>>> print(open('target.cif').read())   # mmCIF, C-alpha atoms
data_coords
#
loop_
_atom_site.label_atom_id
_atom_site.label_comp_id
_atom_site.auth_asym_id
_atom_site.auth_seq_id
_atom_site.Cartn_x
_atom_site.Cartn_y
_atom_site.Cartn_z
CA MET I 1 0.00 0.00 0.00
CA GLY I 2 1.46 3.35 -0.99
CA VAL I 3 1.85 6.17 1.48
CA ARG I 4 -0.15 9.26 0.63
CA ARG I 5 -0.55 12.53 2.37
CA SER I 6 -3.68 13.00 4.44
CA LEU I 7 -5.87 16.05 4.20
CA ARG I 8 -6.62 18.24 7.13
CA LEU I 9 -9.62 20.14 8.32
CA GLY I 10 -10.05 23.82 8.97
CA GLY I 11 -9.32 25.36 5.62
CA GLU I 12 -6.33 23.50 4.35
CA THR I 13 -7.26 21.66 1.23
CA ASP I 14 -3.90 20.18 0.22
CA GLY I 15 -1.95 17.45 1.94
CA LYS I 16 1.26 18.19 3.82
CA TRP I 17 4.10 16.25 5.33
CA ASN I 18 4.04 18.03 8.71
CA TYR I 19 0.83 18.40 10.70
CA ASP I 20 1.29 20.61 13.73
CA TRP I 21 0.28 24.07 14.92
CA SER I 22 3.32 25.73 13.34
CA THR I 23 2.09 24.78 9.84
CA TYR I 24 -1.66 25.20 10.37
CA LYS I 25 -3.14 27.81 8.03
CA TYR I 26 -5.45 29.54 10.53
CA GLU I 27 -3.15 29.41 13.58
CA LEU I 28 -1.82 32.80 14.66
CA GLY I 29 -0.27 31.53 17.89
CA THR I 30 1.71 28.42 18.65
CA ASP I 31 -0.73 25.85 20.04
CA SER I 32 -4.34 24.65 20.34
CA ARG I 33 -5.37 27.78 22.26
CA GLY I 34 -4.84 29.96 19.19
CA PRO I 35 -5.48 32.62 18.49
CA PHE I 36 -7.06 31.49 15.25
CA SER I 37 -7.82 33.72 12.27
CA LYS I 38 -10.95 31.81 11.18
CA TYR I 39 -13.57 29.46 12.64
CA VAL I 40 -13.70 31.07 16.07
CA THR I 41 -16.76 31.01 18.35
CA LYS I 42 -15.30 32.47 21.55
CA SER I 43 -13.09 35.56 21.87
CA ILE I 44 -10.50 33.73 24.00
CA TYR I 45 -9.54 31.89 20.76
CA GLY I 46 -9.30 34.89 18.42
CA THR I 47 -11.59 37.21 16.48
CA VAL I 48 -15.06 35.69 16.64
CA ASP I 49 -16.73 34.82 13.33
CA TYR I 50 -19.21 32.21 14.74
CA LYS I 51 -18.43 29.78 11.92
CA THR I 52 -18.89 26.16 12.99
CA VAL I 53 -18.99 24.52 9.54
CA LEU I 54 -16.31 24.91 6.89
CA ASP I 55 -16.88 27.38 4.08
CA PRO I 56 -16.86 25.71 0.63
CA GLU I 57 -13.42 27.17 -0.19
CA ASP I 58 -12.03 25.50 2.96
CA ASP I 59 -13.75 22.15 2.46
CA ALA I 60 -11.18 19.74 1.01
CA ALA I 61 -13.80 17.55 -0.69
CA HIS I 62 -15.50 20.52 -2.36
CA VAL I 63 -12.21 22.07 -3.48
CA LYS I 64 -10.85 18.81 -4.90
CA TRP I 65 -14.04 17.37 -6.44
CA GLY I 66 -16.21 20.47 -7.04
CA GLY I 67 -19.94 20.52 -7.65
CA SER I 68 -22.00 19.49 -4.65
CA TRP I 69 -19.22 17.33 -3.15
CA ARG I 70 -18.33 18.23 0.42
CA MET I 71 -17.12 16.79 3.70
CA PRO I 72 -19.91 15.37 5.88
CA VAL I 73 -21.10 17.36 8.88
CA ASP I 74 -20.89 15.77 12.32
CA ALA I 75 -24.61 14.88 12.37
CA GLU I 76 -24.13 12.83 9.18
CA TRP I 77 -21.35 10.80 10.82
CA GLU I 78 -23.61 10.24 13.82
CA GLU I 79 -26.42 9.06 11.54
CA LEU I 80 -24.07 6.66 9.74
CA ILE I 81 -22.81 5.21 13.02
CA ASN I 82 -26.32 4.75 14.43
CA ASN I 83 -28.13 3.51 11.32
CA CYS I 84 -25.65 1.08 9.80
CA ARG I 85 -24.02 -2.26 10.50
CA TRP I 86 -20.24 -1.91 10.82
CA THR I 87 -18.19 -5.03 10.00
CA TRP I 88 -14.40 -5.08 10.42
CA THR I 89 -12.27 -6.78 7.78
CA SER I 90 -8.51 -7.25 7.63
CA ASP I 91 -8.61 -7.98 3.88
CA TYR I 92 -11.14 -5.93 1.95
CA ASN I 93 -11.99 -7.72 -1.33
CA GLY I 94 -8.59 -9.38 -1.50
CA THR I 95 -6.65 -6.09 -1.29
CA ASP I 96 -4.98 -6.83 2.07
CA ILE I 97 -6.39 -3.47 3.30
CA ALA I 98 -8.06 -3.42 6.71
CA GLY I 99 -11.05 -1.29 7.64
CA TRP I 100 -14.79 -1.18 8.18
CA ILE I 101 -17.47 -2.27 5.71
CA VAL I 102 -20.60 -0.23 6.43
CA THR I 103 -24.08 -1.41 5.41
CA SER I 104 -27.29 0.56 5.89
CA TYR I 105 -30.20 -0.79 7.91
CA ASN I 106 -32.59 1.43 5.91
CA ALA I 107 -34.93 -0.25 3.39
CA GLY I 108 -33.75 0.19 -0.17
CA TYR I 109 -30.11 0.55 0.87
CA THR I 110 -29.36 -2.76 2.60
CA ASP I 111 -27.49 -4.01 -0.48
CA LYS I 112 -25.22 -0.91 -0.56
CA THR I 113 -21.93 -0.69 1.29
CA LEU I 114 -19.23 1.83 2.03
CA PHE I 115 -15.64 0.96 2.93
CA PHE I 116 -13.55 3.00 5.34
CA PRO I 117 -9.88 1.96 5.17
CA ALA I 118 -7.81 1.99 8.33
CA ALA I 119 -5.59 4.63 6.75
CA GLY I 120 -3.96 5.80 9.99
CA CYS I 121 -3.33 9.46 10.72
CA ARG I 122 -0.70 12.16 10.49
CA ILE I 123 0.24 14.03 13.62
CA GLY I 124 3.44 15.99 13.20
CA SER I 125 5.50 14.38 10.45
CA GLY I 126 4.67 10.78 11.29
CA LEU I 127 2.20 8.46 9.63
CA ASP I 128 0.83 6.28 12.39
CA HIS I 129 -1.44 3.24 12.77
CA VAL I 130 -1.90 2.39 9.07
CA GLY I 131 -3.87 -0.84 8.88
CA SER I 132 -5.13 -0.72 12.45
CA TYR I 133 -6.72 2.69 12.97
CA GLY I 134 -8.58 5.31 10.99
CA ASP I 135 -9.56 8.96 11.49
CA TYR I 136 -11.99 10.80 9.22
CA TRP I 137 -12.86 14.48 9.45
CA SER I 138 -16.25 16.13 9.36
CA SER I 139 -16.67 19.75 8.31
CA SER I 140 -18.04 20.62 11.78
CA LEU I 141 -16.00 22.49 14.33
CA ASP I 142 -16.48 22.30 18.08
CA PRO I 143 -18.50 25.40 19.04
CA ASP I 144 -17.10 25.34 22.60
CA TYR I 145 -13.40 24.90 21.82
CA SER I 146 -12.08 26.47 18.63
CA GLY I 147 -9.00 24.24 18.60
CA PHE I 148 -11.13 21.13 17.98
CA ALA I 149 -13.16 19.80 15.07
CA TRP I 150 -15.43 16.74 14.95
CA GLY I 151 -14.76 13.48 13.20
CA ILE I 152 -14.85 9.73 13.67
CA GLY I 153 -12.10 7.40 14.74
CA PHE I 154 -11.91 3.65 14.81
CA ASP I 155 -9.87 0.54 15.35
CA SER I 156 -10.93 -3.07 14.84
CA GLY I 157 -13.23 -3.04 17.87
CA TYR I 158 -14.63 0.47 18.09
CA VAL I 159 -16.11 3.27 15.97
CA GLY I 160 -17.03 6.61 17.50
CA ARG I 161 -17.32 10.37 17.09
CA TYR I 162 -14.92 12.70 18.86
CA GLY I 163 -13.31 16.11 18.80
CA ARG I 164 -9.68 16.29 17.74
CA TYR I 165 -7.13 19.06 17.23
CA ARG I 166 -7.65 20.93 13.96
CA ASP I 167 -3.97 20.68 13.03
CA ASN I 168 -4.02 16.87 12.65
CA GLY I 169 -3.93 15.17 9.23
CA PHE I 170 -6.87 12.80 8.84
CA SER I 171 -8.69 11.20 5.95
CA VAL I 172 -11.68 12.78 4.20
CA ARG I 173 -14.66 10.82 2.90
CA PRO I 174 -16.62 13.07 0.48
CA VAL I 175 -20.42 13.08 0.30
CA THR I 176 -22.80 14.67 -2.21
CA GLU I 177 -26.49 15.45 -2.39
#
>>> encode(input="target.cif", output="structure tokens")
Amino acid sequence: MGVRRSLRLGGETDGKWNYDWSTYKYELGTDSRGPFSKYVTKSIYGTVDYKTVLDPEDDAAHVKWGGSWRMPVDAEWEELINNCRWTWTSDYNGTDIAGWIVTSYNAGYTDKTLFFPAAGCRIGSGLDHVGSYGDYWSSSLDPDYSGFAWGIGFDSGYVGRYGRYRDNGFSVRPVTE
């Protein structure tokens, strides 16, 4: 499996090799406390703009694929977790790639699946946990803590939503209307 750069949330639409606060586009300070120049809901984190969902020009899926493609919002991840069967595989369709096969419980979609590879994550300059862990961003930011954004994370025994630092490099799974 080839190594590719992850995308990151919060306005950066191209992959990088170093994912930390010193290289984060909207960081004006040096750490998760900011100040931030965009996506700020409380003045302790910078100039407030009350944005809690990425603008289209900051949405990696929209920028790369265009049209109505975008990153899912947090509520869409929650819906996927709660309304689908998640089945772990260590060898998806003979590719030797591990991850989750997701099948809807909703009538008319029970024969459809999505696959989420355990692509690992980039924090700093490392690529960690490939094959055993996956992180996927939403386009939703934490309204209470401007240094966090929402996403999902998983390993072979768990899938869940969580807030993570905006400077991390995680995978993006585009959706469209």
>>> closest_residue(input="target.cif", among="I:Ser139, I:Ser171, I:Ser125, I:Ser132", to="Trp17 of chain I", atoms="only C-alpha atoms")
I:Ser125
>>> closest_residue(input="target.cif", among="I:Pro143, I:Tyr158, I:Trp100, I:Trp86", to="Val48 of chain I", atoms="all atoms listed in the file")
I:Pro143
>>> residues_around(input="target.cif", residues="Ser146 of chain I", least_positions_apart="3", cutoff="9 Å", atoms="only C-alpha atoms", output="JSON, numbers by chain")
{"I": [32, 33, 34, 36, 39, 40, 41, 42, 45, 46, 52, 141, 142, 143, 149, 166]}
>>> residues_near_point(input="target.cif", point="(-18.5, -9.6, -0.8)", cutoff="10 Å", atoms="only C-alpha atoms", output="list in words")
Tyr92, Asn93, Gly94, Ile101 and Thr113 of chain I
>>> atom_distance(input="target.cif", atom1="atom CA of Asn18 of chain I", atom2="atom CA of Ser43 of chain I")
27.8 Å
>>> closest_residue(input="target.cif", among="I:Glu27, I:Ser104, I:Tyr136, I:Gly157", to="Ile81 of chain I", atoms="only C-alpha atoms")
I:Ser104
>>> resolve_selection(input="target.cif", expression="the PyMOL selection byres ((chain I and resi 75) around 12)", output="MDAnalysis selection string")
chainID I and resid 53 71:74 76:83 138:141 150:152 161:162
>>> residues_near_point(input="target.cif", point="(-8.1, 8.4, 7.4)", cutoff="9 Å", atoms="all atoms listed in the file", output="JSON, numbers by chain")
{"I": [6, 7, 116, 117, 118, 119, 120, 121, 122, 130, 133, 134, 135, 136, 137, 153, 169, 170, 171, 172, 173]}
